[in-house]
file data-v6.pdb (PDB, C-alpha atoms)
ATOM      1  CA  MET A 247      68.395 -95.993 -15.716  1.00  0.00           C
ATOM      2  CA  SER A 248      70.671 -96.405 -12.719  1.00  0.00           C
ATOM      3  CA  ARG A 249      67.575 -96.791 -10.522  1.00  0.00           C
ATOM      4  CA  LEU A 250      66.576-100.024 -12.254  1.00  0.00           C
ATOM      5  CA  PRO A 251      67.513-103.318 -10.633  1.00  0.00           C
ATOM      6  CA  THR A 252      70.480-105.061 -12.203  1.00  0.00           C
ATOM      7  CA  PRO A 253      70.071-107.046 -14.350  1.00  0.00           C
ATOM      8  CA  ALA A 254      67.113-105.123 -15.808  1.00  0.00           C
ATOM      9  CA  LEU A 255      65.005-108.230 -16.346  1.00  0.00           C
ATOM     10  CA  LEU A 256      61.533-107.909 -14.865  1.00  0.00           C
ATOM     11  CA  ALA A 257      59.501-111.062 -14.224  1.00  0.00           C
ATOM     12  CA  ILE A 258      55.758-110.408 -14.027  1.00  0.00           C
ATOM     13  CA  THR A 259      53.683-112.950 -12.141  1.00  0.00           C
ATOM     14  CA  ASP A 260      50.760-114.999 -13.366  1.00  0.00           C
ATOM     15  CA  ARG A 261      49.892-117.626 -10.815  1.00  0.00           C
ATOM     16  CA  ARG A 262      47.754-119.507 -13.355  1.00  0.00           C
ATOM     17  CA  GLN A 263      50.850-120.220 -15.436  1.00  0.00           C
ATOM     18  CA  ALA A 264      53.186-120.705 -12.481  1.00  0.00           C
ATOM     19  CA  ALA A 265      54.866-124.082 -12.168  1.00  0.00           C
ATOM     20  CA  GLN A 266      54.900-123.749  -8.358  1.00  0.00           C
ATOM     21  CA  PRO A 267      53.236-121.596  -5.702  1.00  0.00           C
ATOM     22  CA  LEU A 268      54.429-118.067  -6.427  1.00  0.00           C
ATOM     23  CA  PRO A 269      56.614-117.631  -3.307  1.00  0.00           C
ATOM     24  CA  ASP A 270      58.448-120.884  -4.059  1.00  0.00           C
ATOM     25  CA  LEU A 271      58.841-120.050  -7.753  1.00  0.00           C
ATOM     26  CA  ALA A 272      60.043-116.562  -6.875  1.00  0.00           C
ATOM     27  CA  GLU A 273      62.712-117.927  -4.561  1.00  0.00           C
ATOM     28  CA  ALA A 274      63.905-120.319  -7.277  1.00  0.00           C
ATOM     29  CA  LEU A 275      64.135-117.420  -9.725  1.00  0.00           C
ATOM     30  CA  PHE A 276      65.987-115.224  -7.218  1.00  0.00           C
ATOM     31  CA  ALA A 277      68.406-118.051  -6.489  1.00  0.00           C
ATOM     32  CA  ALA A 278      69.054-118.362 -10.233  1.00  0.00           C
ATOM     33  CA  GLY A 279      69.889-114.663 -10.622  1.00  0.00           C
ATOM     34  CA  LEU A 280      66.622-112.736 -11.058  1.00  0.00           C
ATOM     35  CA  ARG A 281      66.629-109.486  -9.112  1.00  0.00           C
ATOM     36  CA  TRP A 282      63.250-107.955 -10.003  1.00  0.00           C
ATOM     37  CA  LEU A 283      59.744-109.383  -9.815  1.00  0.00           C
ATOM     38  CA  SER A 284      56.369-107.655  -9.972  1.00  0.00           C
ATOM     39  CA  LEU A 285      53.195-109.132  -8.545  1.00  0.00           C
ATOM     40  CA  ARG A 286      50.384-108.848 -11.079  1.00  0.00           C
ATOM     41  CA  GLU A 287      47.369-110.700  -9.731  1.00  0.00           C
ATOM     42  CA  LYS A 288      44.644-108.136 -10.254  1.00  0.00           C
ATOM     43  CA  ASP A 289      41.748-110.540  -9.728  1.00  0.00           C
ATOM     44  CA  LEU A 290      42.700-111.035  -6.075  1.00  0.00           C
ATOM     45  CA  LEU A 291      41.337-108.796  -3.347  1.00  0.00           C
ATOM     46  CA  ALA A 292      43.707-106.023  -2.318  1.00  0.00           C
ATOM     47  CA  THR A 293      44.269-107.694   1.047  1.00  0.00           C
ATOM     48  CA  GLU A 294      45.158-110.970  -0.705  1.00  0.00           C
ATOM     49  CA  GLN A 295      47.524-109.187  -3.075  1.00  0.00           C
ATOM     50  CA  ALA A 296      49.222-107.455  -0.165  1.00  0.00           C
ATOM     51  CA  ALA A 297      49.632-110.719   1.752  1.00  0.00           C
ATOM     52  CA  LEU A 298      51.093-112.473  -1.300  1.00  0.00           C
ATOM     53  CA  ALA A 299      53.412-109.531  -1.976  1.00  0.00           C
ATOM     54  CA  ARG A 300      54.665-109.643   1.601  1.00  0.00           C
ATOM     55  CA  ALA A 301      55.505-113.327   1.138  1.00  0.00           C
ATOM     56  CA  LEU A 302      57.419-112.495  -2.038  1.00  0.00           C
ATOM     57  CA  VAL A 303      59.264-109.639  -0.340  1.00  0.00           C
ATOM     58  CA  ALA A 304      60.350-112.008   2.426  1.00  0.00           C
ATOM     59  CA  ARG A 305      61.719-114.469  -0.162  1.00  0.00           C
ATOM     60  CA  ALA A 306      63.484-111.657  -2.041  1.00  0.00           C
ATOM     61  CA  ARG A 307      65.261-110.196   0.973  1.00  0.00           C
ATOM     62  CA  ARG A 308      68.135-112.676   1.208  1.00  0.00           C
ATOM     63  CA  TRP A 309      68.937-112.177  -2.475  1.00  0.00           C
ATOM     64  CA  GLY A 310      68.774-108.382  -2.470  1.00  0.00           C
ATOM     65  CA  ALA A 311      65.974-108.571  -5.034  1.00  0.00           C
ATOM     66  CA  VAL A 312      63.226-106.000  -5.576  1.00  0.00           C
ATOM     67  CA  VAL A 313      59.529-106.860  -5.489  1.00  0.00           C
ATOM     68  CA  THR A 314      57.075-104.371  -6.951  1.00  0.00           C
ATOM     69  CA  VAL A 315      53.295-104.552  -7.236  1.00  0.00           C
ATOM     70  CA  HIS A 316      51.100-103.934 -10.252  1.00  0.00           C
ATOM     71  CA  GLY A 317      48.390-101.714  -8.804  1.00  0.00           C
ATOM     72  CA  ASP A 318      48.539 -98.462  -6.894  1.00  0.00           C
ATOM     73  CA  GLY A 319      50.772 -96.827  -4.368  1.00  0.00           C
ATOM     74  CA  GLU A 320      48.557 -97.630  -1.392  1.00  0.00           C
ATOM     75  CA  LEU A 321      48.582-101.333  -2.246  1.00  0.00           C
ATOM     76  CA  ALA A 322      52.375-101.316  -2.649  1.00  0.00           C
ATOM     77  CA  ARG A 323      52.781 -99.552   0.700  1.00  0.00           C
ATOM     78  CA  ALA A 324      50.467-102.025   2.437  1.00  0.00           C
ATOM     79  CA  ALA A 325      52.539-104.860   0.995  1.00  0.00           C
ATOM     80  CA  GLY A 326      55.898-103.413   2.026  1.00  0.00           C
ATOM     81  CA  ALA A 327      56.947-103.624  -1.630  1.00  0.00           C
ATOM     82  CA  GLY A 328      59.904-101.807  -3.138  1.00  0.00           C
ATOM     83  CA  GLY A 329      57.749 -99.971  -5.633  1.00  0.00           C
ATOM     84  CA  VAL A 330      54.700 -99.976  -7.846  1.00  0.00           C
ATOM     85  CA  HIS A 331      53.858-100.505 -11.487  1.00  0.00           C
ATOM     86  CA  LEU A 332      51.006 -98.247 -12.580  1.00  0.00           C
ATOM     87  CA  PRO A 333      48.573 -98.665 -15.469  1.00  0.00           C
ATOM     88  CA  ASP A 334      48.751 -96.391 -18.501  1.00  0.00           C
ATOM     89  CA  GLY A 335      47.674 -92.964 -17.294  1.00  0.00           C
ATOM     90  CA  GLY A 336      48.664 -93.621 -13.684  1.00  0.00           C
ATOM     91  CA  ASP A 337      50.219 -90.795 -11.681  1.00  0.00           C
ATOM     92  CA  PRO A 338      53.902 -91.444 -10.853  1.00  0.00           C
ATOM     93  CA  ALA A 339      54.157 -88.320  -8.703  1.00  0.00           C
ATOM     94  CA  ALA A 340      51.213 -89.388  -6.542  1.00  0.00           C
ATOM     95  CA  ALA A 341      52.696 -92.880  -6.152  1.00  0.00           C
ATOM     96  CA  ARG A 342      56.026 -91.427  -5.102  1.00  0.00           C
ATOM     97  CA  ARG A 343      54.332 -89.212  -2.515  1.00  0.00           C
ATOM     98  CA  ILE A 344      52.823 -92.358  -1.004  1.00  0.00           C
ATOM     99  CA  LEU A 345      55.901 -94.583  -1.237  1.00  0.00           C
ATOM    100  CA  GLY A 346      58.745 -92.119  -0.791  1.00  0.00           C
ATOM    101  CA  PRO A 347      61.620 -91.010  -3.001  1.00  0.00           C
ATOM    102  CA  ASP A 348      63.440 -94.355  -3.023  1.00  0.00           C
ATOM    103  CA  ALA A 349      60.528 -96.375  -4.395  1.00  0.00           C
ATOM    104  CA  LEU A 350      60.735 -97.783  -7.906  1.00  0.00           C
ATOM    105  CA  VAL A 351      57.816 -96.395  -9.922  1.00  0.00           C
ATOM    106  CA  GLY A 352      56.938 -97.690 -13.379  1.00  0.00           C
ATOM    107  CA  VAL A 353      54.048 -97.292 -15.790  1.00  0.00           C
ATOM    108  CA  SER A 354      52.579 -99.241 -18.678  1.00  0.00           C
ATOM    109  CA  ALA A 355      52.597 -97.683 -22.141  1.00  0.00           C
ATOM    110  CA  HIS A 356      51.475 -98.961 -25.515  1.00  0.00           C
ATOM    111  CA  GLY A 357      52.920 -96.273 -27.735  1.00  0.00           C
ATOM    112  CA  MET A 358      53.987 -92.651 -27.868  1.00  0.00           C
ATOM    113  CA  ASP A 359      50.951 -91.257 -26.050  1.00  0.00           C
ATOM    114  CA  GLY A 360      51.480 -93.538 -23.073  1.00  0.00           C
ATOM    115  CA  LEU A 361      55.149 -92.639 -22.918  1.00  0.00           C
ATOM    116  CA  ARG A 362      54.289 -88.948 -22.799  1.00  0.00           C
ATOM    117  CA  ARG A 363      52.104 -89.691 -19.782  1.00  0.00           C
ATOM    118  CA  ALA A 364      54.991 -91.525 -18.082  1.00  0.00           C
ATOM    119  CA  ALA A 365      56.837 -88.365 -17.035  1.00  0.00           C
ATOM    120  CA  GLY A 366      58.222 -88.722 -13.531  1.00  0.00           C
ATOM    121  CA  ALA A 367      58.385 -92.512 -13.594  1.00  0.00           C
ATOM    122  CA  ASP A 368      61.615 -94.488 -13.274  1.00  0.00           C
ATOM    123  CA  TYR A 369      60.729 -96.601 -16.306  1.00  0.00           C
ATOM    124  CA  ALA A 370      57.917 -97.544 -18.656  1.00  0.00           C
ATOM    125  CA  THR A 371      57.054-100.896 -20.164  1.00  0.00           C
ATOM    126  CA  VAL A 372      56.160-100.698 -23.841  1.00  0.00           C
ATOM    127  CA  SER A 373      53.990-103.458 -25.244  1.00  0.00           C
ATOM    128  CA  PRO A 374      53.296-105.587 -27.089  1.00  0.00           C
ATOM    129  CA  VAL A 375      56.597-105.784 -28.936  1.00  0.00           C
ATOM    130  CA  PHE A 376      55.851-109.279 -30.269  1.00  0.00           C
ATOM    131  CA  ALA A 377      52.775-111.505 -30.272  1.00  0.00           C
ATOM    132  CA  SER A 378      52.241-112.770 -26.736  1.00  0.00           C
ATOM    133  CA  ALA A 379      51.183-116.288 -25.780  1.00  0.00           C
ATOM    134  CA  SER A 380      50.101-114.913 -22.388  1.00  0.00           C
ATOM    135  CA  LYS A 381      47.771-112.374 -24.039  1.00  0.00           C
ATOM    136  CA  PRO A 382      46.808-113.789 -27.448  1.00  0.00           C
ATOM    137  CA  GLY A 383      45.298-111.221 -29.799  1.00  0.00           C
ATOM    138  CA  TYR A 384      46.677-108.319 -27.763  1.00  0.00           C
ATOM    139  CA  GLY A 385      47.931-105.562 -30.002  1.00  0.00           C
ATOM    140  CA  PRO A 386      48.682-103.824 -32.232  1.00  0.00           C
ATOM    141  CA  ILE A 387      52.125-105.386 -32.382  1.00  0.00           C
ATOM    142  CA  LEU A 388      54.898-102.777 -32.278  1.00  0.00           C
ATOM    143  CA  GLY A 389      57.761-104.904 -33.557  1.00  0.00           C
ATOM    144  CA  VAL A 390      61.401-104.010 -33.064  1.00  0.00           C
ATOM    145  CA  ASP A 391      61.119-100.913 -35.261  1.00  0.00           C
ATOM    146  CA  GLY A 392      58.165 -99.634 -33.252  1.00  0.00           C
ATOM    147  CA  LEU A 393      60.077-100.265 -30.054  1.00  0.00           C
ATOM    148  CA  ARG A 394      63.073 -98.343 -31.436  1.00  0.00           C
ATOM    149  CA  HIS A 395      60.861 -95.325 -32.216  1.00  0.00           C
ATOM    150  CA  CYS A 396      59.351 -95.456 -28.724  1.00  0.00           C
ATOM    151  CA  VAL A 397      62.777 -95.614 -27.077  1.00  0.00           C
ATOM    152  CA  ALA A 398      63.978 -92.646 -29.135  1.00  0.00           C
ATOM    153  CA  ALA A 399      60.965 -90.570 -28.085  1.00  0.00           C
ATOM    154  CA  ALA A 400      60.848 -91.590 -24.425  1.00  0.00           C
ATOM    155  CA  ASP A 401      62.067 -89.470 -21.523  1.00  0.00           C
ATOM    156  CA  VAL A 402      62.289 -92.542 -19.268  1.00  0.00           C
ATOM    157  CA  PRO A 403      64.038 -95.915 -19.651  1.00  0.00           C
ATOM    158  CA  VAL A 404      61.913 -98.369 -21.625  1.00  0.00           C
ATOM    159  CA  LEU A 405      61.421-102.068 -20.928  1.00  0.00           C
ATOM    160  CA  ALA A 406      60.298-104.222 -23.847  1.00  0.00           C
ATOM    161  CA  LEU A 407      57.242-106.319 -22.973  1.00  0.00           C
ATOM    162  CA  GLY A 408      55.039-108.725 -24.867  1.00  0.00           C
ATOM    163  CA  GLY A 409      56.198-111.991 -26.376  1.00  0.00           C
ATOM    164  CA  VAL A 410      59.813-111.303 -25.447  1.00  0.00           C
ATOM    165  CA  ASP A 411      61.939-114.404 -24.940  1.00  0.00           C
ATOM    166  CA  ALA A 412      65.655-115.170 -25.041  1.00  0.00           C
ATOM    167  CA  ALA A 413      65.585-115.195 -28.838  1.00  0.00           C
ATOM    168  CA  GLY A 414      63.921-111.777 -29.117  1.00  0.00           C
ATOM    169  CA  ALA A 415      65.543-110.012 -26.191  1.00  0.00           C
ATOM    170  CA  PRO A 416      68.844-109.177 -27.960  1.00  0.00           C
ATOM    171  CA  ALA A 417      66.985-107.325 -30.713  1.00  0.00           C
ATOM    172  CA  CYS A 418      65.057-105.369 -28.085  1.00  0.00           C
ATOM    173  CA  MET A 419      68.279-104.403 -26.332  1.00  0.00           C
ATOM    174  CA  ALA A 420      69.862-103.443 -29.654  1.00  0.00           C
ATOM    175  CA  ALA A 421      66.835-101.191 -30.290  1.00  0.00           C
ATOM    176  CA  GLY A 422      67.747 -99.245 -27.152  1.00  0.00           C
ATOM    177  CA  ALA A 423      65.564-100.878 -24.505  1.00  0.00           C
ATOM    178  CA  ALA A 424      66.911-100.535 -20.976  1.00  0.00           C
ATOM    179  CA  GLY A 425      65.729-104.061 -20.239  1.00  0.00           C
ATOM    180  CA  VAL A 426      62.948-106.536 -20.884  1.00  0.00           C
ATOM    181  CA  ALA A 427      59.894-107.762 -18.999  1.00  0.00           C
ATOM    182  CA  VAL A 428      58.576-111.302 -19.307  1.00  0.00           C
ATOM    183  CA  MET A 429      55.766-113.356 -17.884  1.00  0.00           C
ATOM    184  CA  GLY A 430      55.100-116.818 -19.285  1.00  0.00           C
ATOM    185  CA  PRO A 431      58.654-118.041 -19.921  1.00  0.00           C
ATOM    186  CA  LEU A 432      59.620-117.483 -16.282  1.00  0.00           C
ATOM    187  CA  MET A 433      56.305-118.481 -14.730  1.00  0.00           C
ATOM    188  CA  ARG A 434      56.727-121.893 -16.290  1.00  0.00           C
ATOM    189  CA  GLY A 435      59.973-122.328 -14.360  1.00  0.00           C
ATOM    190  CA  PRO A 436      63.465-120.916 -13.872  1.00  0.00           C
ATOM    191  CA  GLY A 437      65.089-123.097 -16.519  1.00  0.00           C
ATOM    192  CA  GLY A 438      65.064-120.381 -19.175  1.00  0.00           C
ATOM    193  CA  LEU A 439      66.347-117.655 -16.864  1.00  0.00           C
ATOM    194  CA  PRO A 440      70.105-117.990 -17.546  1.00  0.00           C
ATOM    195  CA  GLU A 441      69.612-117.524 -21.282  1.00  0.00           C
ATOM    196  CA  LEU A 442      67.365-114.510 -20.714  1.00  0.00           C
ATOM    197  CA  LEU A 443      69.887-112.965 -18.349  1.00  0.00           C
ATOM    198  CA  ARG A 444      72.625-113.419 -20.940  1.00  0.00           C
ATOM    199  CA  ALA A 445      70.430-111.842 -23.612  1.00  0.00           C
ATOM    200  CA  VAL A 446      69.734-108.774 -21.448  1.00  0.00           C
ATOM    201  CA  ALA A 447      73.396-108.464 -20.528  1.00  0.00           C
ATOM    202  CA  ARG A 448      74.358-108.333 -24.220  1.00  0.00           C
TER     203      ARG A 448
END
call {"tool": "encode", "arguments": {"input": "data-v6.pdb", "output": "structure tokens"}}
result
Amino acid sequence: MSRLPTPALLAITDRRQAAQPLPDLAEALFAAGLRWLSLREKDLLATEQAALARALVARARRWGAVVTVHGDGELARAAGAGGVHLPDGGDPAAARRILGPDALVGVSAHGMDGLRRAAGADYATVSPVFASASKPGYGPILGVDGLRHCVAAADVPVLALGGVDAAGAPACMAAGAAGVAVMGPLMRGPGGLPELLRAVAR
């Protein structure tokens, strides 16, 4: 858990929801206290993702923030990112061989099976905890109790993902989550960030 950025609030990008161009929005979020952002723009070509990630990394540098990339280790290395977020079933050990021992390596999980496959990662996101406006109909919904069971069974720190906002984040933290990951609430602007940061800190 000590490897996770502090505060352990991960903003995941979605340029279609973003209130500004992603580099500008990212800088506003970093200035407001965010220290961890992951580029998730899978419909872009790898070269486009890498170029956008490099722009985000440049904005993050002055704030000491970490930028990771949803994809694979080679893409993260090409982007000069601080780490990678792998899909469920991705290979954390292979990513670390590509990126080095200091890289932040995470994986997606949607239940106990995914968490078992996360061995060797620095963290896993578990989703969806709540119904998500960004991914309507995505499920099955775990709820806080499901999240608590996942945290208890996990060998890695767990981030709660899916419909998490400032109102739901305290319950996720109380269930044992190491942090939370959000998309829509922060893509629509940095205004809600202070409340989310307070919720994660509690």
call {"tool": "resolve_selection", "arguments": {"input": "data-v6.pdb", "expression": "the PyMOL selection byres ((chain A and resi 396) around 12)", "output": "PDB file with C-alpha atoms, in the coordinates of the input"}}
result
ATOM      1  CA  ALA A 355      52.597 -97.683 -22.141  1.00  0.00           C
ATOM      2  CA  HIS A 356      51.475 -98.961 -25.515  1.00  0.00           C
ATOM      3  CA  GLY A 357      52.920 -96.273 -27.735  1.00  0.00           C
ATOM      4  CA  MET A 358      53.987 -92.651 -27.868  1.00  0.00           C
ATOM      5  CA  ASP A 359      50.951 -91.257 -26.050  1.00  0.00           C
ATOM      6  CA  GLY A 360      51.480 -93.538 -23.073  1.00  0.00           C
ATOM      7  CA  LEU A 361      55.149 -92.639 -22.918  1.00  0.00           C
ATOM      8  CA  ARG A 362      54.289 -88.948 -22.799  1.00  0.00           C
ATOM      9  CA  ALA A 370      57.917 -97.544 -18.656  1.00  0.00           C
ATOM     10  CA  THR A 371      57.054-100.896 -20.164  1.00  0.00           C
ATOM     11  CA  VAL A 372      56.160-100.698 -23.841  1.00  0.00           C
ATOM     12  CA  SER A 373      53.990-103.458 -25.244  1.00  0.00           C
ATOM     13  CA  PRO A 374      53.296-105.587 -27.089  1.00  0.00           C
ATOM     14  CA  VAL A 375      56.597-105.784 -28.936  1.00  0.00           C
ATOM     15  CA  LEU A 388      54.898-102.777 -32.278  1.00  0.00           C
ATOM     16  CA  GLY A 389      57.761-104.904 -33.557  1.00  0.00           C
ATOM     17  CA  VAL A 390      61.401-104.010 -33.064  1.00  0.00           C
ATOM     18  CA  ASP A 391      61.119-100.913 -35.261  1.00  0.00           C
ATOM     19  CA  GLY A 392      58.165 -99.634 -33.252  1.00  0.00           C
ATOM     20  CA  LEU A 393      60.077-100.265 -30.054  1.00  0.00           C
ATOM     21  CA  ARG A 394      63.073 -98.343 -31.436  1.00  0.00           C
ATOM     22  CA  HIS A 395      60.861 -95.325 -32.216  1.00  0.00           C
ATOM     23  CA  VAL A 397      62.777 -95.614 -27.077  1.00  0.00           C
ATOM     24  CA  ALA A 398      63.978 -92.646 -29.135  1.00  0.00           C
ATOM     25  CA  ALA A 399      60.965 -90.570 -28.085  1.00  0.00           C
ATOM     26  CA  ALA A 400      60.848 -91.590 -24.425  1.00  0.00           C
ATOM     27  CA  ASP A 401      62.067 -89.470 -21.523  1.00  0.00           C
ATOM     28  CA  VAL A 402      62.289 -92.542 -19.268  1.00  0.00           C
ATOM     29  CA  PRO A 403      64.038 -95.915 -19.651  1.00  0.00           C
ATOM     30  CA  VAL A 404      61.913 -98.369 -21.625  1.00  0.00           C
ATOM     31  CA  LEU A 405      61.421-102.068 -20.928  1.00  0.00           C
ATOM     32  CA  ALA A 406      60.298-104.222 -23.847  1.00  0.00           C
ATOM     33  CA  CYS A 418      65.057-105.369 -28.085  1.00  0.00           C
ATOM     34  CA  ALA A 421      66.835-101.191 -30.290  1.00  0.00           C
ATOM     35  CA  GLY A 422      67.747 -99.245 -27.152  1.00  0.00           C
ATOM     36  CA  ALA A 423      65.564-100.878 -24.505  1.00  0.00           C
ATOM     37  CA  ALA A 424      66.911-100.535 -20.976  1.00  0.00           C
TER      38      ALA A 424
END
call {"tool": "axis_aligned_box", "arguments": {"input": "data-v6.pdb", "around": "stretch 339-354 of chain A", "padding_each_side": "5 Å", "output": "lines of an AutoDock Vina configuration file"}}
result
center_x = 57.3
center_y = -93.8
center_z = -9.7
size_x = 22.2
size_y = 20.9
size_z = 27.9
call {"tool": "atom_distance", "arguments": {"input": "data-v6.pdb", "atom1": "atom CA of A:Asp337", "atom2": "atom CA of A:Gly310"}}
result
27.2 Å
call {"tool": "residues_around", "arguments": {"input": "data-v6.pdb", "residues": "A:Arg249", "least_positions_apart": "6", "cutoff": "9 Å", "atoms": "all atoms listed in the file", "output": "VMD selection string"}}
result
chain A and resid 348 350 368 to 369
call {"tool": "closest_residue", "arguments": {"input": "data-v6.pdb", "among": "A:Gly408, A:Gly435, A:Gly326, A:Pro251", "to": "A:Glu273", "atoms": "only C-alpha atoms"}}
result
A:Gly435
call {"tool": "resolve_selection", "arguments": {"input": "data-v6.pdb", "expression": "the PyMOL selection byres ((chain A and resi 270) around 12)", "output": "ChimeraX atom specification"}}
result
/A:261,264-269,271-277,298,301-306,433,435-436
call {"tool": "write_last_selection", "arguments": {"input": "data-v6.pdb", "atoms": "C-alpha atoms", "output": "PDB file, in the frame of the given file"}}
result
ATOM      1  CA  ARG A 261      49.892-117.626 -10.815  1.00  0.00           C
ATOM      2  CA  ALA A 264      53.186-120.705 -12.481  1.00  0.00           C
ATOM      3  CA  ALA A 265      54.866-124.082 -12.168  1.00  0.00           C
ATOM      4  CA  GLN A 266      54.900-123.749  -8.358  1.00  0.00           C
ATOM      5  CA  PRO A 267      53.236-121.596  -5.702  1.00  0.00           C
ATOM      6  CA  LEU A 268      54.429-118.067  -6.427  1.00  0.00           C
ATOM      7  CA  PRO A 269      56.614-117.631  -3.307  1.00  0.00           C
ATOM      8  CA  LEU A 271      58.841-120.050  -7.753  1.00  0.00           C
ATOM      9  CA  ALA A 272      60.043-116.562  -6.875  1.00  0.00           C
ATOM     10  CA  GLU A 273      62.712-117.927  -4.561  1.00  0.00           C
ATOM     11  CA  ALA A 274      63.905-120.319  -7.277  1.00  0.00           C
ATOM     12  CA  LEU A 275      64.135-117.420  -9.725  1.00  0.00           C
ATOM     13  CA  PHE A 276      65.987-115.224  -7.218  1.00  0.00           C
ATOM     14  CA  ALA A 277      68.406-118.051  -6.489  1.00  0.00           C
ATOM     15  CA  LEU A 298      51.093-112.473  -1.300  1.00  0.00           C
ATOM     16  CA  ALA A 301      55.505-113.327   1.138  1.00  0.00           C
ATOM     17  CA  LEU A 302      57.419-112.495  -2.038  1.00  0.00           C
ATOM     18  CA  VAL A 303      59.264-109.639  -0.340  1.00  0.00           C
ATOM     19  CA  ALA A 304      60.350-112.008   2.426  1.00  0.00           C
ATOM     20  CA  ARG A 305      61.719-114.469  -0.162  1.00  0.00           C
ATOM     21  CA  ALA A 306      63.484-111.657  -2.041  1.00  0.00           C
ATOM     22  CA  MET A 433      56.305-118.481 -14.730  1.00  0.00           C
ATOM     23  CA  GLY A 435      59.973-122.328 -14.360  1.00  0.00           C
ATOM     24  CA  PRO A 436      63.465-120.916 -13.872  1.00  0.00           C
TER      25      PRO A 436
END
call {"tool": "closest_residue", "arguments": {"input": "data-v6.pdb", "among": "A:Pro253, A:Gly438, A:Gly366, A:Gly430", "to": "A:Ala413", "atoms": "all atoms listed in the file"}}
result
A:Gly438
call {"tool": "closest_residue", "arguments": {"input": "data-v6.pdb", "among": "A:Leu291, A:Ala325, A:Ala379, A:Ala427", "to": "A:Ser354", "atoms": "only C-alpha atoms"}}
result
A:Ala427
call {"tool": "atom_distance", "arguments": {"input": "data-v6.pdb", "atom1": "atom CA of A:Arg363", "atom2": "atom CA of A:Asp334"}}
result
7.6 Å
call {"tool": "atom_distance", "arguments": {"input": "data-v6.pdb", "atom1": "atom CA of A:Val353", "atom2": "atom CA of A:Met419"}}
result
19.1 Å
call {"tool": "closest_residue", "arguments": {"input": "data-v6.pdb", "among": "A:Ala412, A:Val330, A:Val428, A:Ala445", "to": "A:Gly346", "atoms": "all atoms listed in the file"}}
result
A:Val330
call {"tool": "resolve_selection", "arguments": {"input": "data-v6.pdb", "expression": "the PyMOL selection byres ((chain A and resi 319) around 12)", "output": "MDAnalysis selection string"}}
result
chainID A and resid 292 296 314:318 320:333 336:346 349:353
call {"tool": "closest_residue", "arguments": {"input": "data-v6.pdb", "among": "A:Thr259, A:Ala254, A:Gly279, A:Pro386", "to": "A:Gly437", "atoms": "only C-alpha atoms"}}
result
A:Gly279
call {"tool": "residues_around", "arguments": {"input": "data-v6.pdb", "residues": "A:Gly409", "least_positions_apart": "2", "cutoff": "6 Å", "atoms": "only C-alpha atoms", "output": "PyMOL selection string"}}
result
chain A and resi 376-378
call {"tool": "residues_around", "arguments": {"input": "data-v6.pdb", "residues": "A:Ala257", "least_positions_apart": "4", "cutoff": "8 Å", "atoms": "only C-alpha atoms", "output": "mmCIF file with C-alpha atoms, keeping the file's coordinate frame"}}
result
data_model
loop_
_atom_site.group_PDB
_atom_site.id
_atom_site.type_symbol
_atom_site.label_atom_id
_atom_site.label_comp_id
_atom_site.auth_asym_id
_atom_site.auth_seq_id
_atom_site.Cartn_x
_atom_site.Cartn_y
_atom_site.Cartn_z
ATOM 1 C CA LEU A 280 66.622 -112.736 -11.058
ATOM 2 C CA TRP A 282 63.250 -107.955 -10.003
ATOM 3 C CA LEU A 283 59.744 -109.383 -9.815
ATOM 4 C CA SER A 284 56.369 -107.655 -9.972
ATOM 5 C CA ALA A 427 59.894 -107.762 -18.999
ATOM 6 C CA VAL A 428 58.576 -111.302 -19.307
ATOM 7 C CA MET A 429 55.766 -113.356 -17.884
ATOM 8 C CA LEU A 432 59.620 -117.483 -16.282
#
call {"tool": "closest_residue", "arguments": {"input": "data-v6.pdb", "among": "A:Ala278, A:Pro347, A:Arg262, A:Leu250", "to": "A:Leu443", "atoms": "only C-alpha atoms"}}
result
A:Ala278
